[in-house]
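Text of the file query-v5.tsv, holding TSV, N, CA and C atoms:
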```
chain	number	residue	atom	x	y	z
A	13	GLN	N	12.21	10.58	9.25
A	13	GLN	CA	10.97	10.74	9.99
A	13	GLN	C	10.03	9.56	9.79
A	14	VAL	N	9.95	9.08	8.55
A	14	VAL	CA	9.07	7.95	8.24
A	14	VAL	C	9.85	6.95	7.41
A	15	GLN	N	9.84	5.72	7.81
A	15	GLN	CA	10.46	4.67	7.02
A	15	GLN	C	9.45	3.56	6.84
A	16	PRO	N	8.72	3.56	5.69
A	16	PRO	CA	7.74	2.51	5.47
A	16	PRO	C	8.41	1.14	5.31
A	17	VAL	N	7.83	0.14	5.93
A	17	VAL	CA	8.33	-1.22	5.83
A	17	VAL	C	7.17	-2.12	5.46
A	18	GLU	N	7.20	-2.67	4.24
A	18	GLU	CA	6.11	-3.52	3.76
A	18	GLU	C	6.33	-4.97	4.13
A	19	SER	N	5.22	-5.69	4.22
A	19	SER	CA	5.26	-7.14	4.42
A	19	SER	C	3.96	-7.72	3.92
A	20	GLY	N	3.95	-9.04	3.75
A	20	GLY	CA	2.70	-9.72	3.42
A	20	GLY	C	2.58	-10.21	1.99
A	21	GLY	N	3.57	-9.94	1.17
A	21	GLY	CA	3.49	-10.42	-0.20
A	21	GLY	C	3.68	-11.93	-0.27
A	22	GLY	N	3.50	-12.47	-1.47
A	22	GLY	CA	3.68	-13.89	-1.65
A	22	GLY	C	3.07	-14.39	-2.93
A	23	LEU	N	2.97	-15.69	-3.01
A	23	LEU	CA	2.39	-16.35	-4.18
A	23	LEU	C	0.99	-16.83	-3.84
A	24	VAL	N	0.04	-16.51	-4.70
A	24	VAL	CA	-1.34	-16.89	-4.46
A	24	VAL	C	-1.99	-17.26	-5.78
A	25	GLN	N	-2.97	-18.13	-5.72
A	25	GLN	CA	-3.68	-18.51	-6.94
A	25	GLN	C	-4.72	-17.44	-7.29
A	26	ALA	N	-5.05	-17.38	-8.54
A	26	ALA	CA	-6.09	-16.45	-8.98
A	26	ALA	C	-7.37	-16.71	-8.19
A	27	GLY	N	-8.01	-15.62	-7.79
A	27	GLY	CA	-9.22	-15.72	-6.97
A	27	GLY	C	-8.95	-15.66	-5.48
A	28	GLY	N	-7.68	-15.77	-5.12
A	28	GLY	CA	-7.32	-15.76	-3.71
A	28	GLY	C	-7.18	-14.36	-3.15
A	29	SER	N	-6.71	-14.30	-1.90
A	29	SER	CA	-6.59	-13.03	-1.18
A	29	SER	C	-5.23	-12.92	-0.51
A	30	LEU	N	-4.81	-11.70	-0.33
A	30	LEU	CA	-3.60	-11.38	0.43
A	30	LEU	C	-3.83	-10.06	1.15
A	31	ARG	N	-3.15	-9.90	2.27
A	31	ARG	CA	-3.17	-8.61	2.95
A	31	ARG	C	-1.74	-8.11	3.10
A	32	LEU	N	-1.49	-6.96	2.55
A	32	LEU	CA	-0.19	-6.32	2.70
A	32	LEU	C	-0.24	-5.35	3.88
A	33	SER	N	0.90	-5.25	4.55
A	33	SER	CA	1.02	-4.32	5.67
A	33	SER	C	2.17	-3.37	5.41
A	34	CYS	N	2.02	-2.17	5.92
A	34	CYS	CA	3.07	-1.16	5.81
A	34	CYS	C	3.21	-0.48	7.17
A	35	LEU	N	4.30	-0.77	7.82
A	35	LEU	CA	4.56	-0.19	9.14
A	35	LEU	C	5.32	1.11	8.96
A	36	ALA	N	4.81	2.14	9.60
A	36	ALA	CA	5.49	3.43	9.55
A	36	ALA	C	6.52	3.48	10.67
A	37	SER	N	7.62	2.80	10.43
A	37	SER	CA	8.66	2.76	11.47
A	37	SER	C	9.25	4.17	11.61
A	38	ARG	N	9.69	4.47	12.74
A	38	ARG	CA	10.28	5.76	13.12
A	38	ARG	C	9.26	6.87	13.27
A	39	ALA	N	8.02	6.67	12.81
A	39	ALA	CA	7.05	7.76	12.89
A	39	ALA	C	6.43	7.82	14.28
A	40	ILE	N	6.37	9.02	14.82
A	40	ILE	CA	5.65	9.19	16.07
A	40	ILE	C	4.16	9.33	15.74
A	41	THR	N	3.33	9.24	16.74
A	41	THR	CA	1.89	9.21	16.51
A	41	THR	C	1.40	10.43	15.75
A	42	SER	N	1.84	11.61	16.14
A	42	SER	CA	1.37	12.82	15.48
A	42	SER	C	1.81	12.85	14.01
A	43	THR	N	2.95	12.30	13.74
A	43	THR	CA	3.40	12.21	12.35
A	43	THR	C	2.50	11.26	11.57
A	44	PHE	N	2.21	10.12	12.14
A	44	PHE	CA	1.38	9.13	11.45
A	44	PHE	C	0.04	9.72	11.05
A	45	TRP	N	-0.54	10.50	11.94
A	45	TRP	CA	-1.85	11.09	11.67
A	45	TRP	C	-1.80	12.06	10.48
A	46	SER	N	-0.65	12.58	10.17
A	46	SER	CA	-0.52	13.62	9.14
A	46	SER	C	-0.08	13.07	7.78
A	47	ILE	N	0.05	11.78	7.68
A	47	ILE	CA	0.58	11.18	6.45
A	47	ILE	C	-0.53	10.84	5.46
A	48	ASN	N	-0.29	11.15	4.20
A	48	ASN	CA	-1.11	10.64	3.11
A	48	ASN	C	-0.44	9.37	2.59
A	49	TRP	N	-1.20	8.29	2.48
A	49	TRP	CA	-0.63	7.00	2.14
A	49	TRP	C	-1.01	6.58	0.72
A	50	GLY	N	-0.13	5.83	0.13
A	50	GLY	CA	-0.42	5.26	-1.18
A	50	GLY	C	0.20	3.89	-1.31
A	51	TRP	N	-0.54	2.99	-1.93
A	51	TRP	CA	0.00	1.69	-2.32
A	51	TRP	C	0.16	1.72	-3.84
A	52	TYR	N	1.36	1.44	-4.28
A	52	TYR	CA	1.68	1.41	-5.69
A	52	TYR	C	2.13	0.00	-6.07
A	53	ARG	N	2.03	-0.29	-7.35
A	53	ARG	CA	2.59	-1.55	-7.81
A	53	ARG	C	3.32	-1.31	-9.14
A	54	GLN	N	4.30	-2.18	-9.34
A	54	GLN	CA	5.06	-2.12	-10.58
A	54	GLN	C	5.20	-3.52	-11.14
A	55	ALA	N	4.59	-3.71	-12.29
A	55	ALA	CA	4.68	-4.99	-12.98
A	55	ALA	C	5.93	-4.97	-13.86
A	56	PRO	N	6.46	-6.14	-14.19
A	56	PRO	CA	7.65	-6.20	-15.04
A	56	PRO	C	7.45	-5.45	-16.35
A	57	GLY	N	8.37	-4.55	-16.64
A	57	GLY	CA	8.31	-3.81	-17.89
A	57	GLY	C	7.31	-2.68	-17.91
A	58	LYS	N	6.68	-2.41	-16.78
A	58	LYS	CA	5.66	-1.35	-16.74
A	58	LYS	C	6.03	-0.30	-15.71
A	59	GLN	N	5.39	0.85	-15.85
A	59	GLN	CA	5.62	1.92	-14.89
A	59	GLN	C	4.91	1.64	-13.58
A	60	ARG	N	5.43	2.23	-12.54
A	60	ARG	CA	4.78	2.12	-11.23
A	60	ARG	C	3.46	2.87	-11.29
A	61	GLU	N	2.42	2.26	-10.73
A	61	GLU	CA	1.11	2.88	-10.75
A	61	GLU	C	0.49	2.86	-9.36
A	62	LEU	N	-0.33	3.87	-9.11
A	62	LEU	CA	-1.05	3.95	-7.85
A	62	LEU	C	-2.25	3.01	-7.91
A	63	VAL	N	-2.39	2.15	-6.92
A	63	VAL	CA	-3.57	1.29	-6.88
A	63	VAL	C	-4.55	1.71	-5.80
A	64	ALA	N	-4.06	2.29	-4.71
A	64	ALA	CA	-4.96	2.73	-3.65
A	64	ALA	C	-4.29	3.83	-2.85
A	65	GLY	N	-5.10	4.78	-2.41
A	65	GLY	CA	-4.57	5.88	-1.61
A	65	GLY	C	-5.50	6.23	-0.47
A	66	MET	N	-4.92	6.77	0.56
A	66	MET	CA	-5.71	7.23	1.70
A	66	MET	C	-5.10	8.52	2.21
A	67	THR	N	-5.93	9.56	2.30
A	67	THR	CA	-5.43	10.83	2.83
A	67	THR	C	-5.34	10.76	4.35
A	68	SER	N	-4.68	11.76	4.90
A	68	SER	CA	-4.59	11.82	6.36
A	68	SER	C	-5.97	11.93	6.98
A	69	GLY	N	-6.92	12.50	6.24
A	69	GLY	CA	-8.28	12.63	6.75
A	69	GLY	C	-9.13	11.39	6.58
A	70	GLY	N	-8.58	10.39	5.91
A	70	GLY	CA	-9.29	9.12	5.78
A	70	GLY	C	-9.98	8.89	4.46
A	71	SER	N	-9.92	9.86	3.56
A	71	SER	CA	-10.53	9.65	2.24
A	71	SER	C	-9.71	8.66	1.44
A	72	THR	N	-10.40	7.82	0.68
A	72	THR	CA	-9.70	6.80	-0.09
A	72	THR	C	-9.99	6.93	-1.58
A	73	ASN	N	-9.07	6.42	-2.37
A	73	ASN	CA	-9.28	6.36	-3.81
A	73	ASN	C	-8.59	5.12	-4.34
A	74	TYR	N	-9.14	4.60	-5.44
A	74	TYR	CA	-8.64	3.35	-5.99
A	74	TYR	C	-8.51	3.44	-7.51
A	75	ALA	N	-7.56	2.72	-8.03
A	75	ALA	CA	-7.48	2.57	-9.48
A	75	ALA	C	-8.70	1.78	-9.94
A	76	ASP	N	-9.17	2.09	-11.13
A	76	ASP	CA	-10.34	1.40	-11.64
A	76	ASP	C	-10.16	-0.11	-11.68
A	77	SER	N	-8.95	-0.53	-11.94
A	77	SER	CA	-8.69	-1.96	-12.09
A	77	SER	C	-8.83	-2.75	-10.79
A	78	VAL	N	-8.83	-2.05	-9.65
A	78	VAL	CA	-8.90	-2.76	-8.37
A	78	VAL	C	-10.14	-2.40	-7.56
A	79	LYS	N	-10.95	-1.49	-8.05
A	79	LYS	CA	-12.14	-1.09	-7.30
A	79	LYS	C	-13.04	-2.28	-7.03
A	80	GLY	N	-13.48	-2.36	-5.79
A	80	GLY	CA	-14.35	-3.48	-5.40
A	80	GLY	C	-13.59	-4.72	-4.98
A	81	ARG	N	-12.28	-4.74	-5.22
A	81	ARG	CA	-11.48	-5.91	-4.85
A	81	ARG	C	-10.43	-5.59	-3.80
A	82	PHE	N	-9.89	-4.37	-3.83
A	82	PHE	CA	-8.85	-3.97	-2.88
A	82	PHE	C	-9.42	-2.95	-1.90
A	83	THR	N	-8.92	-3.00	-0.67
A	83	THR	CA	-9.33	-2.04	0.35
A	83	THR	C	-8.11	-1.57	1.11
A	84	ILE	N	-7.94	-0.26	1.19
A	84	ILE	CA	-6.87	0.32	1.98
A	84	ILE	C	-7.44	0.74	3.33
A	85	SER	N	-6.68	0.49	4.37
A	85	SER	CA	-7.13	0.87	5.71
A	85	SER	C	-5.91	1.15	6.57
A	86	ARG	N	-6.12	1.68	7.74
A	86	ARG	CA	-5.00	1.94	8.63
A	86	ARG	C	-5.41	1.67	10.07
A	87	ASP	N	-4.42	1.31	10.85
A	87	ASP	CA	-4.57	1.10	12.29
A	87	ASP	C	-3.66	2.10	12.98
A	88	ASN	N	-4.26	3.12	13.54
A	88	ASN	CA	-3.46	4.19	14.13
A	88	ASN	C	-2.66	3.71	15.34
A	89	THR	N	-3.20	2.77	16.09
A	89	THR	CA	-2.49	2.30	17.28
A	89	THR	C	-1.25	1.51	16.91
A	90	LYS	N	-1.29	0.87	15.75
A	90	LYS	CA	-0.14	0.08	15.30
A	90	LYS	C	0.71	0.84	14.29
A	91	LYS	N	0.28	2.03	13.93
A	91	LYS	CA	0.99	2.85	12.94
A	91	LYS	C	1.24	2.04	11.67
A	92	THR	N	0.19	1.39	11.24
A	92	THR	CA	0.28	0.48	10.10
A	92	THR	C	-0.85	0.74	9.12
A	93	VAL	N	-0.51	0.68	7.85
A	93	VAL	CA	-1.48	0.79	6.78
A	93	VAL	C	-1.56	-0.56	6.09
A	94	TYR	N	-2.77	-0.93	5.70
A	94	TYR	CA	-2.98	-2.24	5.10
A	94	TYR	C	-3.55	-2.10	3.68
A	95	LEU	N	-3.31	-3.11	2.90
A	95	LEU	CA	-3.98	-3.24	1.61
A	95	LEU	C	-4.53	-4.67	1.55
A	96	GLN	N	-5.84	-4.76	1.72
A	96	GLN	CA	-6.51	-6.05	1.61
A	96	GLN	C	-6.85	-6.28	0.14
A	97	MET	N	-6.35	-7.37	-0.40
A	97	MET	CA	-6.55	-7.67	-1.81
A	97	MET	C	-7.34	-8.97	-1.94
A	98	SER	N	-8.44	-8.90	-2.64
A	98	SER	CA	-9.29	-10.07	-2.83
A	98	SER	C	-9.54	-10.29	-4.32
A	99	GLU	N	-10.03	-11.46	-4.63
A	99	GLU	CA	-10.31	-11.81	-6.03
A	99	GLU	C	-9.12	-11.48	-6.92
A	100	LEU	N	-7.98	-11.89	-6.48
A	100	LEU	CA	-6.75	-11.54	-7.19
A	100	LEU	C	-6.71	-12.16	-8.58
A	101	LYS	N	-6.09	-11.40	-9.48
A	101	LYS	CA	-5.97	-11.81	-10.87
A	101	LYS	C	-4.49	-11.86	-11.24
A	102	PRO	N	-4.14	-12.63	-12.24
A	102	PRO	CA	-2.73	-12.67	-12.67
A	102	PRO	C	-2.18	-11.28	-13.00
A	103	GLU	N	-3.01	-10.40	-13.50
A	103	GLU	CA	-2.54	-9.05	-13.84
A	103	GLU	C	-2.27	-8.19	-12.60
A	104	ASP	N	-2.60	-8.69	-11.42
A	104	ASP	CA	-2.25	-7.98	-10.19
A	104	ASP	C	-0.80	-8.27	-9.77
A	105	THR	N	-0.15	-9.14	-10.47
A	105	THR	CA	1.22	-9.49	-10.16
A	105	THR	C	2.15	-8.28	-10.28
A	106	GLY	N	3.05	-8.15	-9.32
A	106	GLY	CA	4.01	-7.06	-9.37
A	106	GLY	C	4.63	-6.85	-8.01
A	107	VAL	N	5.51	-5.87	-7.94
A	107	VAL	CA	6.08	-5.46	-6.66
A	107	VAL	C	5.22	-4.32	-6.13
A	108	TYR	N	4.77	-4.48	-4.92
A	108	TYR	CA	3.90	-3.49	-4.30
A	108	TYR	C	4.72	-2.64	-3.33
A	109	TYR	N	4.57	-1.35	-3.49
A	109	TYR	CA	5.31	-0.40	-2.67
A	109	TYR	C	4.36	0.47	-1.86
A	110	CYS	N	4.78	0.76	-0.67
A	110	CYS	CA	4.05	1.68	0.19
A	110	CYS	C	4.74	3.04	0.12
A	111	ASN	N	3.93	4.07	-0.02
A	111	ASN	CA	4.47	5.42	-0.07
A	111	ASN	C	3.80	6.27	1.00
A	112	ALA	N	4.63	7.00	1.72
A	112	ALA	CA	4.14	7.93	2.73
A	112	ALA	C	4.49	9.35	2.30
A	113	GLU	N	3.49	10.17	2.16
A	113	GLU	CA	3.71	11.57	1.80
A	113	GLU	C	3.45	12.43	3.04
A	114	TYR	N	4.50	13.11	3.47
A	114	TYR	CA	4.42	13.89	4.71
A	114	TYR	C	4.88	15.30	4.40
A	115	PHE	N	3.94	16.21	4.35
A	115	PHE	CA	4.21	17.62	4.07
A	115	PHE	C	5.13	17.78	2.86
A	116	GLY	N	4.79	17.09	1.79
A	116	GLY	CA	5.50	17.25	0.55
A	116	GLY	C	6.68	16.32	0.36
A	117	SER	N	7.12	15.67	1.40
A	117	SER	CA	8.23	14.72	1.29
A	117	SER	C	7.67	13.31	1.14
A	118	HIS	N	8.27	12.56	0.23
A	118	HIS	CA	7.82	11.20	-0.05
A	118	HIS	C	8.83	10.19	0.48
A	119	PHE	N	8.30	9.16	1.11
A	119	PHE	CA	9.12	8.09	1.65
A	119	PHE	C	8.60	6.76	1.11
A	120	TRP	N	9.51	5.97	0.55
A	120	TRP	CA	9.13	4.70	-0.07
A	120	TRP	C	9.66	3.53	0.73
A	121	GLY	N	8.86	2.47	0.74
A	121	GLY	CA	9.33	1.23	1.30
A	121	GLY	C	10.14	0.45	0.29
A	122	GLN	N	10.62	-0.70	0.68
A	122	GLN	CA	11.49	-1.49	-0.19
A	122	GLN	C	10.71	-2.34	-1.18
A	123	GLY	N	9.40	-2.47	-0.95
A	123	GLY	CA	8.55	-3.25	-1.85
A	123	GLY	C	8.39	-4.68	-1.40
A	124	THR	N	7.27	-5.26	-1.78
A	124	THR	CA	7.00	-6.66	-1.50
A	124	THR	C	6.38	-7.29	-2.75
A	125	GLN	N	6.85	-8.48	-3.09
A	125	GLN	CA	6.43	-9.13	-4.33
A	125	GLN	C	5.11	-9.85	-4.13
A	126	VAL	N	4.20	-9.61	-5.06
A	126	VAL	CA	2.94	-10.34	-5.13
A	126	VAL	C	2.89	-11.05	-6.48
A	127	THR	N	2.70	-12.34	-6.43
A	127	THR	CA	2.60	-13.13	-7.66
A	127	THR	C	1.29	-13.90	-7.64
A	128	VAL	N	0.48	-13.69	-8.67
A	128	VAL	CA	-0.81	-14.37	-8.78
A	128	VAL	C	-0.73	-15.35	-9.93
A	129	SER	N	-0.89	-16.60	-9.62
A	129	SER	CA	-0.81	-17.64	-10.66
A	129	SER	C	-2.20	-17.93	-11.21
A	130	SER	N	-2.23	-18.28	-12.48
A	130	SER	CA	-3.53	-18.56	-13.12
A	130	SER	C	-3.91	-20.03	-12.99
```

Structure rendered as structure tokens:
Amino acid sequence: QVQPVESGGGLVQAGGSLRLSCLASRAITSTFWSINWGWYRQAPGKQRELVAGMTSGGSTNYADSVKGRFTISRDNTKKTVYLQMSELKPEDTGVYYCNAEYFGSHFWGQGTQVTVSS
């Protein structure tokens, strides 16, 4: 029903910005509206952690470490969720995954690498 596909990762210097995209491929419009979204990241040797989330109703939440620097948003016409990352720090380095939660079922993307150099 939902196959998240991430893009937009890369190498950036500390203080820079990146925007990640997550396309909800295969999702029809009504499905997209019902999805709770999450952006997670996994640094080498660490557990995957939630950095930003957005409910189907549009409420957002952020990890303390990214508040004020990251913004999650969505474009319903494009069936895409974004993660705008600014003031990036080396500790933001990791693989970023998009998660779609649809009526209790979770769908993960393949991940996109973000590397922040100091």

Work out how far apart atom N of Phe44 in chain A and atom C of Tyr94 in chain A are and give it in Å to one decimal.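 Pair atom N of Phe44 in chain A / atom C of Tyr94 in chain A returns 15.9 Å.
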
Neighbour list for Val14 in chain A as a PyMOL selection string, cut-off 6 Å, only C-alpha atoms, skip fewer than 4 positions in-chain: chain A and resi 36+38-39

In the coordinates of the file, take the point (3.1, -4.3, 7.4) and a cut-off of 6.5 Å; then, counting only N, CA and C atoms, name each qualifying protein, DNA or RNA residue as a compact mmCIF listing (two decimals) with N, CA and C atoms, in the coordinates of the input.
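Generated output (result27.txt):
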```
# COMPACT_ATOMS: atom_id res chain seq x y z
N VAL A 17 7.83 0.14 5.93
CA VAL A 17 8.33 -1.22 5.83
C VAL A 17 7.17 -2.12 5.46
N GLU A 18 7.20 -2.67 4.24
CA GLU A 18 6.11 -3.52 3.76
C GLU A 18 6.33 -4.97 4.13
N SER A 19 5.22 -5.69 4.22
CA SER A 19 5.26 -7.14 4.42
C SER A 19 3.96 -7.72 3.92
N GLY A 20 3.95 -9.04 3.75
CA GLY A 20 2.70 -9.72 3.42
C GLY A 20 2.58 -10.21 1.99
N LEU A 32 -1.49 -6.96 2.55
CA LEU A 32 -0.19 -6.32 2.70
C LEU A 32 -0.24 -5.35 3.88
N SER A 33 0.90 -5.25 4.55
CA SER A 33 1.02 -4.32 5.67
C SER A 33 2.17 -3.37 5.41
N CYS A 34 2.02 -2.17 5.92
CA CYS A 34 3.07 -1.16 5.81
C CYS A 34 3.21 -0.48 7.17
N LEU A 35 4.30 -0.77 7.82
CA LEU A 35 4.56 -0.19 9.14
C LEU A 35 5.32 1.11 8.96
N THR A 92 0.19 1.39 11.24
CA THR A 92 0.28 0.48 10.10
C THR A 92 -0.85 0.74 9.12
N VAL A 93 -0.51 0.68 7.85
CA VAL A 93 -1.48 0.79 6.78
C VAL A 93 -1.56 -0.56 6.09
```

At a cut-off of 6 Å around the point (-8.4, -14.4, -1.8) (file coordinates), what residues fall inside when counting all atoms listed in the file? I'd like the answer as a PyMOL selection string. chain A and resi 27-30+97-100

Could you check the closest approach to Tyr74 in chain A for each of A:Asn111, A:Lys90, A:Trp51, A:Gly22 and tell me which residue wins, using only C-alpha atoms? A:Trp51

Quick one: distance from atom C of Ala75 in chain A to atom N of Cys110 in chain A in Å, one decimal?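 Atom C of Ala75 in chain A sits 16.4 Å away from atom N of Cys110 in chain A.
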
Mind listing the strand (DSSP E or B) residues of chain A, per DSSP on the backbone, as a PyMOL selection string? chain A and resi 15-19+22-25+30-37+48-54+61-66+72-74+82-87+92-97+106-114+117-120+124-129

With distances taken over all atoms listed in the file, which of A:Glu61, A:Gln25, A:Arg31, A:Gly70 is nearest to Gln96 in chain A? A:Arg31

Å distance separating atom N of Pro16 in chain A from CA of Trp45 in chain A, one decimal place: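 Result for atom N of Pro16 in chain A versus CA of Trp45 in chain A: 14.3 Å, one decimal.
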
Using only N, CA and C atoms, the best pick from A:Asp76, A:Tyr109, A:Ser129, A:Asn88 as closest to Thr41 in chain A would be A:Asn88

Might you pull out every residue within 10 Å of Met66 in chain A, with only C-alpha atoms counted and same-chain residues fewer than 5 positions away left off, and present them as a PyMOL selection string? chain A and resi 47-51+71-74+84-86+93+112

When you count all atoms listed in the file, which of these residues is closest to Thr43 in chain A: A:Gly21, A:Gln13, A:Gly65, A:Thr83?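 Closest residue, counting all atoms listed in the file: A:Gln13.
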
Would you mind telling me which residue in A:Gln15, A:Ser46, A:Gly57, A:Asp87 lies nearest to Gln122 in chain A when using only N, CA and C atoms? A:Gln15

Have a look at A:Gly80, A:Pro102, A:Gly121, A:Val107 and name the one nearest to Pro56 in chain A; count all atoms listed in the file. A:Val107

Build an axis-aligned box that encloses every atom of range 97-106 of chain A listed in the file, pad it by 5 Å on each side, and report its centre and edge lengths in Å to one decimal, as AutoDock Vina command-line options.
```
--center_x -2.8 --center_y -9.8 --center_z -7.1 --size_x 24.9 --size_y 15.8 --size_z 23.4
```
